[in-house]
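Take a look at the structure below.
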Amino acid sequence: MTDTGSYFSDRFGYQAPDAEITIREDAPDVLRVGLVQLAYGAEIGGKALRELICTVLLKRPDHAHNWGAENVAREVDDLMSAAPWYRVYDIAERLYLEIGRNDYTATRQDEFANRLNQLFRETGIGWQMEGGKIMVRGSEAFALATRDAVDTMRAAGAPTAANEVHQALQDISRRPDADVTGAIQHAMAALECVAREVSGSTDTLGPIIARLSLPAPLDSALHKLWGFASQQGRHLHEGRAPQFAEAELVVTVASAVSVYLLRHRARTQSAD
């Protein structure tokens, strides 16, 4: 695979704008074909790629009939086309590991992940590869809020809250079905941990909100978010399960508010 930056578009900074995320529980043909091409570009041969795909899909390679290069390539394409959508993402993770086995330059895994993420962004697929693992890709606000939240919580000595955000991201990234209820619960648990930390209280989040340094009407909005999360994350009603977009919103807002509270405390302490 060619080193990152050697392509014309990379050298001159040309890239397509990120497409709106429209694909989550699916693996369109453009991804299935793209993964095969990325594997070949990383110098994984057809037979090795077939073995890898069959290992993930728990299938037997057709050695008896497909031993020539052209037939093996056709079998690879057929396997990828028929694979359940979530197994395609499993194959992507397995490819990342395989690429690293003989990568003496220590560059090919990063390039594979970068080009795969570019494919995700350009085709509106709501996933991304981080450290070889496929994770959910949300809006730009979601990405910024959750990344800043984890870093800020750890720096502020709030590892429990940081772990709750991490768990929220794990839940919302689950395949084949995101655990949206778990994501809401963990995100609000993180916010509750931060609220207790900055207020010095052991109360639940609801009573603490009035004592937080939140300007109106943000305090009222947070009350409503807490009420919604309590209803959707804890007291579910039949037929009223939260949607992915609602979980994404709760995780984004809870993370952003947590960052605000911790940074406000830090500014206040430094001013004293």
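Going by the structure tokens order, chains are called A, B, ..., each with residues numbered from 1, while ligands are numbered from 1 in the order shown.
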**Message:** I'd like to know which residues of region 11-252 of chain A are strand (DSSP E or B) (by DSSP, run on the backbone); could you write them as a list of chain:residue names?
**Reply:** A:Ile23, A:Ile125, A:Trp127, A:Gln128, A:Met129, A:Glu130, A:Lys133, A:Ile134, A:Met135, A:Val136
Keeping N, CA and C atoms for every residue in the selection just given, could you write it to a file as a PDB file, in the first residue's frame?
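out.pdb, written as the output of this step:
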```
ATOM      1  N   ILE A  23     -26.119   5.952   6.836  1.00  0.00           N
ATOM      2  CA  ILE A  23     -25.948   4.497   6.896  1.00  0.00           C
ATOM      3  C   ILE A  23     -25.360   4.120   8.249  1.00  0.00           C
ATOM      4  N   ILE A 125     -21.337   6.810   5.874  1.00  0.00           N
ATOM      5  CA  ILE A 125     -21.421   5.659   6.772  1.00  0.00           C
ATOM      6  C   ILE A 125     -21.075   6.104   8.187  1.00  0.00           C
ATOM      7  N   TRP A 127     -19.763   5.067  10.876  1.00  0.00           N
ATOM      8  CA  TRP A 127     -18.783   4.327  11.662  1.00  0.00           C
ATOM      9  C   TRP A 127     -17.396   4.875  11.365  1.00  0.00           C
ATOM     10  N   GLN A 128     -16.445   4.576  12.226  1.00  0.00           N
ATOM     11  CA  GLN A 128     -15.063   4.970  12.010  1.00  0.00           C
ATOM     12  C   GLN A 128     -14.157   3.956  12.688  1.00  0.00           C
ATOM     13  N   MET A 129     -12.922   3.858  12.201  1.00  0.00           N
ATOM     14  CA  MET A 129     -11.961   2.949  12.812  1.00  0.00           C
ATOM     15  C   MET A 129     -11.030   3.731  13.719  1.00  0.00           C
ATOM     16  N   GLU A 130     -10.941   3.293  14.973  1.00  0.00           N
ATOM     17  CA  GLU A 130     -10.053   3.905  15.956  1.00  0.00           C
ATOM     18  C   GLU A 130      -9.232   2.800  16.605  1.00  0.00           C
ATOM     19  N   LYS A 133     -10.373  -0.729  15.878  1.00  0.00           N
ATOM     20  CA  LYS A 133     -11.739  -1.090  16.255  1.00  0.00           C
ATOM     21  C   LYS A 133     -12.735  -0.169  15.560  1.00  0.00           C
ATOM     22  N   ILE A 134     -13.838  -0.737  15.111  1.00  0.00           N
ATOM     23  CA  ILE A 134     -14.900   0.055  14.500  1.00  0.00           C
ATOM     24  C   ILE A 134     -15.754   0.641  15.607  1.00  0.00           C
ATOM     25  N   MET A 135     -15.839   1.971  15.622  1.00  0.00           N
ATOM     26  CA  MET A 135     -16.617   2.703  16.609  1.00  0.00           C
ATOM     27  C   MET A 135     -17.643   3.575  15.892  1.00  0.00           C
ATOM     28  N   VAL A 136     -18.671   3.955  16.636  1.00  0.00           N
ATOM     29  CA  VAL A 136     -19.700   4.801  16.042  1.00  0.00           C
ATOM     30  C   VAL A 136     -19.115   6.157  15.667  1.00  0.00           C
TER      31      VAL A 136
END
```
**Two-atom distance - CA of Thr107 (chain A), CA of Ala92 (chain A) (Å)** = 16.9 Å
Residues of region 117-203 of chain A that have any atom at most 12 Å from an atom of region 31-40 of chain A: could you tabulate them with the shortest-distance atom pair and the distance in Å to one decimal, using only C-alpha atoms, ordered by chain and increasing number, as JSON lines?
```
{"residue": "A:Asn117", "atom": "CA", "partner": "A:Leu31", "partner_atom": "CA", "distance": 10.6}
{"residue": "A:Gln118", "atom": "CA", "partner": "A:Gly34", "partner_atom": "CA", "distance": 10.9}
{"residue": "A:Leu119", "atom": "CA", "partner": "A:Leu31", "partner_atom": "CA", "distance": 7.4}
{"residue": "A:Phe120", "atom": "CA", "partner": "A:Leu31", "partner_atom": "CA", "distance": 7.9}
{"residue": "A:Arg121", "atom": "CA", "partner": "A:Leu31", "partner_atom": "CA", "distance": 11.3}
{"residue": "A:Glu122", "atom": "CA", "partner": "A:Leu31", "partner_atom": "CA", "distance": 10.9}
{"residue": "A:Thr123", "atom": "CA", "partner": "A:Leu31", "partner_atom": "CA", "distance": 8.7}
{"residue": "A:Gly124", "atom": "CA", "partner": "A:Leu31", "partner_atom": "CA", "distance": 10.8}
{"residue": "A:Ile125", "atom": "CA", "partner": "A:Leu31", "partner_atom": "CA", "distance": 8.9}
{"residue": "A:Trp127", "atom": "CA", "partner": "A:Leu31", "partner_atom": "CA", "distance": 11.4}
```
Let's have the selection written as an mmCIF file, in the first residue's frame, with all heavy atoms.
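That gives us part-v3.cif:
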```
data_model
loop_
_atom_site.group_PDB
_atom_site.id
_atom_site.type_symbol
_atom_site.label_atom_id
_atom_site.label_comp_id
_atom_site.auth_asym_id
_atom_site.auth_seq_id
_atom_site.Cartn_x
_atom_site.Cartn_y
_atom_site.Cartn_z
ATOM 1 N N ASN A 117 -11.555 5.247 6.874
ATOM 2 C CA ASN A 117 -12.333 6.336 7.469
ATOM 3 C C ASN A 117 -12.728 7.373 6.422
ATOM 4 O O ASN A 117 -13.812 7.969 6.495
ATOM 5 C CB ASN A 117 -11.538 6.994 8.598
ATOM 6 C CG ASN A 117 -11.485 6.127 9.840
ATOM 7 O OD1 ASN A 117 -12.355 5.286 10.059
ATOM 8 N ND2 ASN A 117 -10.469 6.321 10.667
ATOM 9 N N GLN A 118 -11.845 7.605 5.463
ATOM 10 C CA GLN A 118 -12.188 8.514 4.375
ATOM 11 C C GLN A 118 -13.377 7.971 3.585
ATOM 12 O O GLN A 118 -14.288 8.719 3.213
ATOM 13 C CB GLN A 118 -10.985 8.688 3.453
ATOM 14 C CG GLN A 118 -11.225 9.650 2.292
ATOM 15 C CD GLN A 118 -10.010 9.762 1.381
ATOM 16 O OE1 GLN A 118 -9.142 8.900 1.386
ATOM 17 N NE2 GLN A 118 -9.948 10.821 0.611
ATOM 18 N N LEU A 119 -13.373 6.676 3.343
ATOM 19 C CA LEU A 119 -14.495 6.042 2.646
ATOM 20 C C LEU A 119 -15.779 6.187 3.454
ATOM 21 O O LEU A 119 -16.852 6.484 2.896
ATOM 22 C CB LEU A 119 -14.179 4.565 2.408
ATOM 23 C CG LEU A 119 -15.252 3.730 1.694
ATOM 24 C CD1 LEU A 119 -15.505 4.271 0.293
ATOM 25 C CD2 LEU A 119 -14.835 2.264 1.640
ATOM 26 N N PHE A 120 -15.695 5.993 4.758
ATOM 27 C CA PHE A 120 -16.860 6.167 5.616
ATOM 28 C C PHE A 120 -17.421 7.578 5.502
ATOM 29 O O PHE A 120 -18.633 7.787 5.378
ATOM 30 C CB PHE A 120 -16.491 5.893 7.083
ATOM 31 C CG PHE A 120 -16.272 4.445 7.410
ATOM 32 C CD1 PHE A 120 -15.417 4.086 8.453
ATOM 33 C CD2 PHE A 120 -16.901 3.441 6.705
ATOM 34 C CE1 PHE A 120 -15.220 2.748 8.774
ATOM 35 C CE2 PHE A 120 -16.700 2.102 7.016
ATOM 36 C CZ PHE A 120 -15.857 1.759 8.060
ATOM 37 N N ARG A 121 -16.527 8.570 5.579
ATOM 38 C CA ARG A 121 -16.967 9.960 5.560
ATOM 39 C C ARG A 121 -17.584 10.348 4.216
ATOM 40 O O ARG A 121 -18.591 11.048 4.167
ATOM 41 C CB ARG A 121 -15.805 10.899 5.885
ATOM 42 C CG ARG A 121 -15.264 10.773 7.307
ATOM 43 C CD ARG A 121 -14.325 11.923 7.641
ATOM 44 N NE ARG A 121 -13.203 11.980 6.722
ATOM 45 C CZ ARG A 121 -12.049 11.348 6.911
ATOM 46 N NH1 ARG A 121 -11.872 10.585 7.979
ATOM 47 N NH2 ARG A 121 -11.066 11.463 6.037
ATOM 48 N N GLU A 122 -16.974 9.902 3.144
ATOM 49 C CA GLU A 122 -17.427 10.316 1.816
ATOM 50 C C GLU A 122 -18.717 9.632 1.394
ATOM 51 O O GLU A 122 -19.416 10.126 0.505
ATOM 52 C CB GLU A 122 -16.335 10.031 0.780
ATOM 53 C CG GLU A 122 -15.103 10.922 0.943
ATOM 54 C CD GLU A 122 -14.037 10.643 -0.094
ATOM 55 O OE1 GLU A 122 -14.209 9.676 -0.879
ATOM 56 O OE2 GLU A 122 -13.034 11.380 -0.130
ATOM 57 N N THR A 123 -19.038 8.507 2.029
ATOM 58 C CA THR A 123 -20.235 7.764 1.635
ATOM 59 C C THR A 123 -21.334 7.805 2.692
ATOM 60 O O THR A 123 -22.339 7.108 2.559
ATOM 61 C CB THR A 123 -19.876 6.300 1.323
ATOM 62 O OG1 THR A 123 -19.205 5.714 2.442
ATOM 63 C CG2 THR A 123 -18.975 6.221 0.104
ATOM 64 N N GLY A 124 -21.154 8.605 3.737
ATOM 65 C CA GLY A 124 -22.203 8.772 4.738
ATOM 66 C C GLY A 124 -22.408 7.581 5.644
ATOM 67 O O GLY A 124 -23.519 7.354 6.139
ATOM 68 N N ILE A 125 -21.337 6.810 5.874
ATOM 69 C CA ILE A 125 -21.421 5.659 6.772
ATOM 70 C C ILE A 125 -21.075 6.104 8.187
ATOM 71 O O ILE A 125 -20.020 6.702 8.415
ATOM 72 C CB ILE A 125 -20.470 4.538 6.310
ATOM 73 C CG1 ILE A 125 -20.876 4.055 4.909
ATOM 74 C CG2 ILE A 125 -20.475 3.381 7.298
ATOM 75 C CD1 ILE A 125 -19.928 3.030 4.314
ATOM 76 N N TRP A 127 -19.763 5.067 10.876
ATOM 77 C CA TRP A 127 -18.783 4.327 11.662
ATOM 78 C C TRP A 127 -17.396 4.875 11.365
ATOM 79 O O TRP A 127 -17.187 5.569 10.360
ATOM 80 C CB TRP A 127 -18.822 2.825 11.330
ATOM 81 C CG TRP A 127 -20.149 2.196 11.586
ATOM 82 C CD1 TRP A 127 -21.155 2.005 10.673
ATOM 83 C CD2 TRP A 127 -20.641 1.685 12.826
ATOM 84 N NE1 TRP A 127 -22.231 1.410 11.277
ATOM 85 C CE2 TRP A 127 -21.945 1.191 12.592
ATOM 86 C CE3 TRP A 127 -20.104 1.587 14.114
ATOM 87 C CZ2 TRP A 127 -22.727 0.624 13.591
ATOM 88 C CZ3 TRP A 127 -20.873 1.019 15.117
ATOM 89 C CH2 TRP A 127 -22.167 0.546 14.853
#
```
**Asked** Quick one: residues within 12 Å of Val253 (chain A), only C-alpha atoms counted, chain neighbours fewer than 3 positions away excluded, as number ranges by chain?
**Response** A: 141-146, 149, 165, 184, 187-188, 190-191, 218, 221-222, 224-226, 229, 246-250, 256-260
Selected residues, N, CA and C atoms, written as a compact mmCIF listing (two decimals), in the first residue's frame, please.
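Okay, this is what ended up in result28.txt:
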```
# COMPACT_ATOMS: atom_id res chain seq x y z
N ALA A 141 -20.35 17.64 16.37
CA ALA A 141 -20.55 18.02 17.77
C ALA A 141 -20.40 16.81 18.69
N PHE A 142 -20.93 15.67 18.26
CA PHE A 142 -20.80 14.44 19.05
C PHE A 142 -19.33 14.06 19.21
N ALA A 143 -18.58 14.09 18.12
CA ALA A 143 -17.17 13.72 18.17
C ALA A 143 -16.37 14.64 19.08
N LEU A 144 -16.59 15.95 18.94
CA LEU A 144 -15.85 16.91 19.75
C LEU A 144 -16.21 16.79 21.22
N ALA A 145 -17.51 16.66 21.51
CA ALA A 145 -17.96 16.63 22.90
C ALA A 145 -17.44 15.41 23.62
N THR A 146 -17.55 14.24 23.00
CA THR A 146 -17.14 13.02 23.69
C THR A 146 -15.63 12.94 23.84
N ALA A 149 -14.65 15.36 26.54
CA ALA A 149 -15.15 14.93 27.84
C ALA A 149 -14.19 13.95 28.49
N VAL A 165 -18.38 7.71 30.27
CA VAL A 165 -18.46 8.18 28.88
C VAL A 165 -17.93 7.11 27.94
N ILE A 184 -27.50 6.08 27.01
CA ILE A 184 -28.14 7.18 27.76
C ILE A 184 -27.82 7.07 29.24
N ALA A 187 -24.09 7.94 29.90
CA ALA A 187 -23.80 9.36 29.69
C ALA A 187 -24.31 10.21 30.85
N MET A 188 -25.52 9.91 31.30
CA MET A 188 -26.07 10.68 32.43
C MET A 188 -25.37 10.32 33.73
N ALA A 190 -22.19 9.72 33.91
CA ALA A 190 -20.98 10.53 33.85
C ALA A 190 -21.26 11.95 34.29
N LEU A 191 -22.35 12.52 33.79
CA LEU A 191 -22.72 13.89 34.18
C LEU A 191 -23.02 13.97 35.66
N LEU A 218 -30.14 27.45 30.81
CA LEU A 218 -29.48 26.17 30.64
C LEU A 218 -29.77 25.23 31.80
N ALA A 221 -32.99 23.61 31.00
CA ALA A 221 -32.81 22.65 29.92
C ALA A 221 -32.17 21.36 30.45
N LEU A 222 -31.24 21.49 31.39
CA LEU A 222 -30.60 20.32 31.95
C LEU A 222 -31.59 19.50 32.78
N LYS A 224 -34.71 19.23 32.11
CA LYS A 224 -35.52 18.50 31.14
C LYS A 224 -34.76 17.33 30.55
N LEU A 225 -33.46 17.52 30.31
CA LEU A 225 -32.65 16.41 29.81
C LEU A 225 -32.60 15.29 30.83
N TRP A 226 -32.44 15.64 32.08
CA TRP A 226 -32.40 14.64 33.15
C TRP A 226 -33.73 13.89 33.21
N ALA A 229 -33.90 11.55 30.16
CA ALA A 229 -33.00 10.41 30.31
C ALA A 229 -33.54 9.44 31.36
N GLU A 246 -31.66 10.06 19.42
CA GLU A 246 -31.91 10.59 20.75
C GLU A 246 -30.78 10.24 21.71
N ALA A 247 -30.28 9.01 21.59
CA ALA A 247 -29.13 8.63 22.43
C ALA A 247 -27.91 9.46 22.08
N GLU A 248 -27.69 9.69 20.79
CA GLU A 248 -26.56 10.52 20.36
C GLU A 248 -26.68 11.92 20.95
N LEU A 249 -27.89 12.47 20.95
CA LEU A 249 -28.11 13.81 21.50
C LEU A 249 -27.79 13.83 23.00
N VAL A 250 -28.29 12.84 23.74
CA VAL A 250 -28.06 12.82 25.19
C VAL A 250 -26.57 12.69 25.49
N ALA A 256 -20.85 17.53 26.83
CA ALA A 256 -20.52 18.95 26.73
C ALA A 256 -20.74 19.68 28.05
N VAL A 257 -21.83 19.38 28.74
CA VAL A 257 -22.10 20.02 30.03
C VAL A 257 -21.05 19.60 31.06
N SER A 258 -20.65 18.35 31.04
CA SER A 258 -19.61 17.88 31.96
C SER A 258 -18.32 18.64 31.75
N VAL A 259 -17.93 18.82 30.48
CA VAL A 259 -16.72 19.58 30.17
C VAL A 259 -16.85 21.02 30.67
N TYR A 260 -18.00 21.64 30.45
CA TYR A 260 -18.22 23.01 30.91
C TYR A 260 -18.06 23.12 32.42
```
**Message:** What's around region 63-76 of chain A at 10 Å? Count only C-alpha atoms, leave out sequence neighbours fewer than 6 positions away in its own chain, and write the answer as a list in words.
**Reply:**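 Surrounding residues, per the criterion: Val36, Gly45, Gly46, Lys47, Ala48, Leu49, Arg50, Glu51, Leu52, Ile53 and Cys54 of chain A.
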**Request:** May I ask which of the residues A:Ser220, A:Ser81, A:Ser139, A:Ser255 is the closest one to Glu192 (chain A), counting only C-alpha atoms?
**Result:**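 Looking at the shortest contact to Glu192 (chain A), the residue is A:Ser255.
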**Request:** Per DSSP on the backbone, filter region 130-267 of chain A down to the residues in alpha helix (DSSP H) and report them as a VMD selection string.
**Result:** chain A and resid 140 to 155 159 to 172 180 to 199 205 to 209 218 to 233 244 to 267
Selection file, C-alpha atoms, as a CSV table (one decimal), in the first residue's frame:
```
chain,number,residue,atom,x,y,z
A,140,GLU,CA,-19.1,16.7,14.5
A,141,ALA,CA,-20.6,18.0,17.8
A,142,PHE,CA,-20.8,14.4,19.0
A,143,ALA,CA,-17.2,13.7,18.2
A,144,LEU,CA,-15.8,16.9,19.7
A,145,ALA,CA,-18.0,16.6,22.9
A,146,THR,CA,-17.1,13.0,23.7
A,147,ARG,CA,-13.4,13.4,22.9
A,148,ASP,CA,-13.1,16.5,25.1
A,149,ALA,CA,-15.1,14.9,27.8
A,150,VAL,CA,-12.9,11.9,28.3
A,151,ASP,CA,-9.7,14.0,28.2
A,152,THR,CA,-11.1,16.7,30.5
A,153,MET,CA,-12.4,14.2,33.0
A,154,ARG,CA,-9.2,12.3,33.3
A,155,ALA,CA,-7.2,15.5,33.6
A,159,PRO,CA,-11.8,8.7,36.2
A,160,THR,CA,-15.2,7.2,37.0
A,161,ALA,CA,-16.9,9.8,34.9
A,162,ALA,CA,-14.5,9.3,32.1
A,163,ASN,CA,-15.2,5.5,32.3
A,164,GLU,CA,-18.9,6.2,32.1
A,165,VAL,CA,-18.5,8.2,28.9
A,166,HIS,CA,-16.3,5.4,27.5
A,167,GLN,CA,-19.0,2.9,28.3
A,168,ALA,CA,-21.6,5.1,26.7
A,169,LEU,CA,-19.5,5.1,23.5
A,170,GLN,CA,-19.1,1.3,23.7
A,171,ASP,CA,-22.9,0.9,24.0
A,172,ILE,CA,-23.8,3.2,21.2
A,180,VAL,CA,-29.1,3.1,23.0
A,181,THR,CA,-30.6,2.7,26.5
A,182,GLY,CA,-27.2,1.8,28.0
A,183,ALA,CA,-25.6,4.8,26.2
A,184,ILE,CA,-28.1,7.2,27.8
A,185,GLN,CA,-27.7,5.7,31.2
A,186,HIS,CA,-23.9,5.8,31.1
A,187,ALA,CA,-23.8,9.4,29.7
A,188,MET,CA,-26.1,10.7,32.4
A,189,ALA,CA,-24.1,8.7,35.0
A,190,ALA,CA,-21.0,10.5,33.8
A,191,LEU,CA,-22.7,13.9,34.2
A,192,GLU,CA,-24.0,12.9,37.6
A,193,CYS,CA,-20.4,12.0,38.7
A,194,VAL,CA,-19.1,15.4,37.5
A,195,ALA,CA,-22.0,17.2,39.1
A,196,ARG,CA,-21.2,15.6,42.5
A,197,GLU,CA,-17.5,16.3,42.0
A,198,VAL,CA,-17.9,20.0,41.4
A,199,SER,CA,-20.7,20.5,43.9
A,205,LEU,CA,-28.4,14.8,39.6
A,206,GLY,CA,-31.8,16.3,39.8
A,207,PRO,CA,-31.4,18.1,43.1
A,208,ILE,CA,-27.8,19.1,42.3
A,209,ILE,CA,-28.7,21.0,39.1
A,218,LEU,CA,-29.5,26.2,30.6
A,219,ASP,CA,-30.3,24.9,34.1
A,220,SER,CA,-33.9,24.4,33.1
A,221,ALA,CA,-32.8,22.6,29.9
A,222,LEU,CA,-30.6,20.3,32.0
A,223,HIS,CA,-33.5,19.5,34.2
A,224,LYS,CA,-35.5,18.5,31.1
A,225,LEU,CA,-32.6,16.4,29.8
A,226,TRP,CA,-32.4,14.6,33.2
A,227,GLY,CA,-36.2,14.0,33.1
A,228,PHE,CA,-36.0,12.6,29.5
A,229,ALA,CA,-33.0,10.4,30.3
A,230,SER,CA,-34.7,9.1,33.5
A,231,GLN,CA,-37.8,8.2,31.4
A,232,GLN,CA,-36.0,6.7,28.5
A,233,GLY,CA,-32.9,5.2,30.2
A,244,PHE,CA,-30.3,6.2,18.1
A,245,ALA,CA,-30.5,9.9,17.3
A,246,GLU,CA,-31.9,10.6,20.8
A,247,ALA,CA,-29.1,8.6,22.4
A,248,GLU,CA,-26.6,10.5,20.4
A,249,LEU,CA,-28.1,13.8,21.5
A,250,VAL,CA,-28.1,12.8,25.2
A,251,VAL,CA,-24.4,11.6,25.0
A,252,THR,CA,-23.4,14.8,23.2
A,253,VAL,CA,-25.2,17.2,25.6
A,254,ALA,CA,-24.2,15.3,28.8
A,255,SER,CA,-20.5,15.3,27.7
A,256,ALA,CA,-20.5,19.0,26.7
A,257,VAL,CA,-22.1,20.0,30.0
A,258,SER,CA,-19.6,17.9,32.0
A,259,VAL,CA,-16.7,19.6,30.2
A,260,TYR,CA,-18.2,23.0,30.9
A,261,LEU,CA,-18.6,22.3,34.6
A,262,LEU,CA,-15.1,20.9,35.0
A,263,ARG,CA,-13.5,23.8,33.1
A,264,HIS,CA,-15.6,26.3,35.0
A,265,ARG,CA,-14.4,24.9,38.3
A,266,ALA,CA,-10.8,25.0,37.1
A,267,ARG,CA,-11.1,28.7,36.1
```
**Request:** Pick out the residues sitting within 12 Å of Thr55 (chain A), and hand them over as a list in words; count only C-alpha atoms, and ignore anything fewer than 6 positions along from it in its own chain.
**Result:**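 Listed by chain and then number, they are Ala48, Leu49, Pro61, Leu79, Arg87, Asp90, Ile91, Arg94 and Leu95 of chain A.
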Same residues, N, CA and C atoms, saved as a JSON list (two decimals), in the first residue's frame:
```json
[["chain", "number", "residue", "atom", "x", "y", "z"],
["A", 48, "ALA", "N", -4.94, -15.45, 0.70],
["A", 48, "ALA", "CA", -4.87, -15.04, 2.12],
["A", 48, "ALA", "C", -6.12, -14.28, 2.51],
["A", 49, "LEU", "N", -6.61, -13.44, 1.59],
["A", 49, "LEU", "CA", -7.82, -12.68, 1.87],
["A", 49, "LEU", "C", -9.02, -13.60, 1.99],
["A", 61, "PRO", "N", -13.22, -22.42, 2.65],
["A", 61, "PRO", "CA", -12.82, -21.97, 1.31],
["A", 61, "PRO", "C", -13.01, -23.09, 0.29],
["A", 79, "LEU", "N", -18.15, -13.89, -1.46],
["A", 79, "LEU", "CA", -18.23, -13.97, 0.00],
["A", 79, "LEU", "C", -18.54, -12.61, 0.61],
["A", 87, "ARG", "N", -20.90, -8.39, 9.77],
["A", 87, "ARG", "CA", -19.68, -9.16, 9.58],
["A", 87, "ARG", "C", -18.68, -8.42, 8.69],
["A", 90, "ASP", "N", -16.63, -6.63, 10.98],
["A", 90, "ASP", "CA", -15.72, -7.57, 11.64],
["A", 90, "ASP", "C", -14.53, -7.88, 10.74],
["A", 91, "ILE", "N", -14.80, -8.04, 9.45],
["A", 91, "ILE", "CA", -13.73, -8.30, 8.49],
["A", 91, "ILE", "C", -12.76, -7.12, 8.43],
["A", 94, "ARG", "N", -10.49, -7.40, 11.34],
["A", 94, "ARG", "CA", -9.54, -8.50, 11.16],
["A", 94, "ARG", "C", -8.47, -8.13, 10.13],
["A", 95, "LEU", "N", -8.86, -7.38, 9.11],
["A", 95, "LEU", "CA", -7.89, -6.91, 8.12],
["A", 95, "LEU", "C", -6.84, -6.01, 8.76]]
```
**Request:** Kindly indicate which residue among A:Phe112, A:Tyr89, A:Tyr96, A:Tyr104 lies nearest to Asp26 (chain A), using only C-alpha atoms for the distances.
**Result:**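 Ranked by minimum distance to Asp26 (chain A), first place goes to A:Tyr89.
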List the spatial neighbours of Gln109 (chain A) as a PDB file with N, CA and C atoms, in the first residue's frame - criterion: any atom at most 7 Å away, only C-alpha atoms, same-chain residues fewer than 4 positions off excluded.
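So part-v4.pdb came out as:
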```pdb
ATOM      1  N   TYR A  96      -7.271  -5.146   9.651  1.00  0.00           N
ATOM      2  CA  TYR A  96      -6.340  -4.245  10.337  1.00  0.00           C
ATOM      3  C   TYR A  96      -5.262  -5.060  11.061  1.00  0.00           C
ATOM      4  N   ILE A  99      -2.920  -6.826   8.464  1.00  0.00           N
ATOM      5  CA  ILE A  99      -2.000  -5.885   7.820  1.00  0.00           C
ATOM      6  C   ILE A  99      -0.806  -5.591   8.726  1.00  0.00           C
ATOM      7  N   GLY A 100      -1.039  -5.586  10.031  1.00  0.00           N
ATOM      8  CA  GLY A 100       0.043  -5.280  10.966  1.00  0.00           C
ATOM      9  C   GLY A 100       1.029  -6.404  11.193  1.00  0.00           C
ATOM     10  N   ALA A 113      -6.476   2.379   8.004  1.00  0.00           N
ATOM     11  CA  ALA A 113      -7.523   3.014   8.812  1.00  0.00           C
ATOM     12  C   ALA A 113      -7.889   4.379   8.255  1.00  0.00           C
TER      13      ALA A 113
END
```
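CA of Ala27 (chain A) to CA of Ile44 (chain A) spans 21.5 Å [interatomic distance, one decimal].
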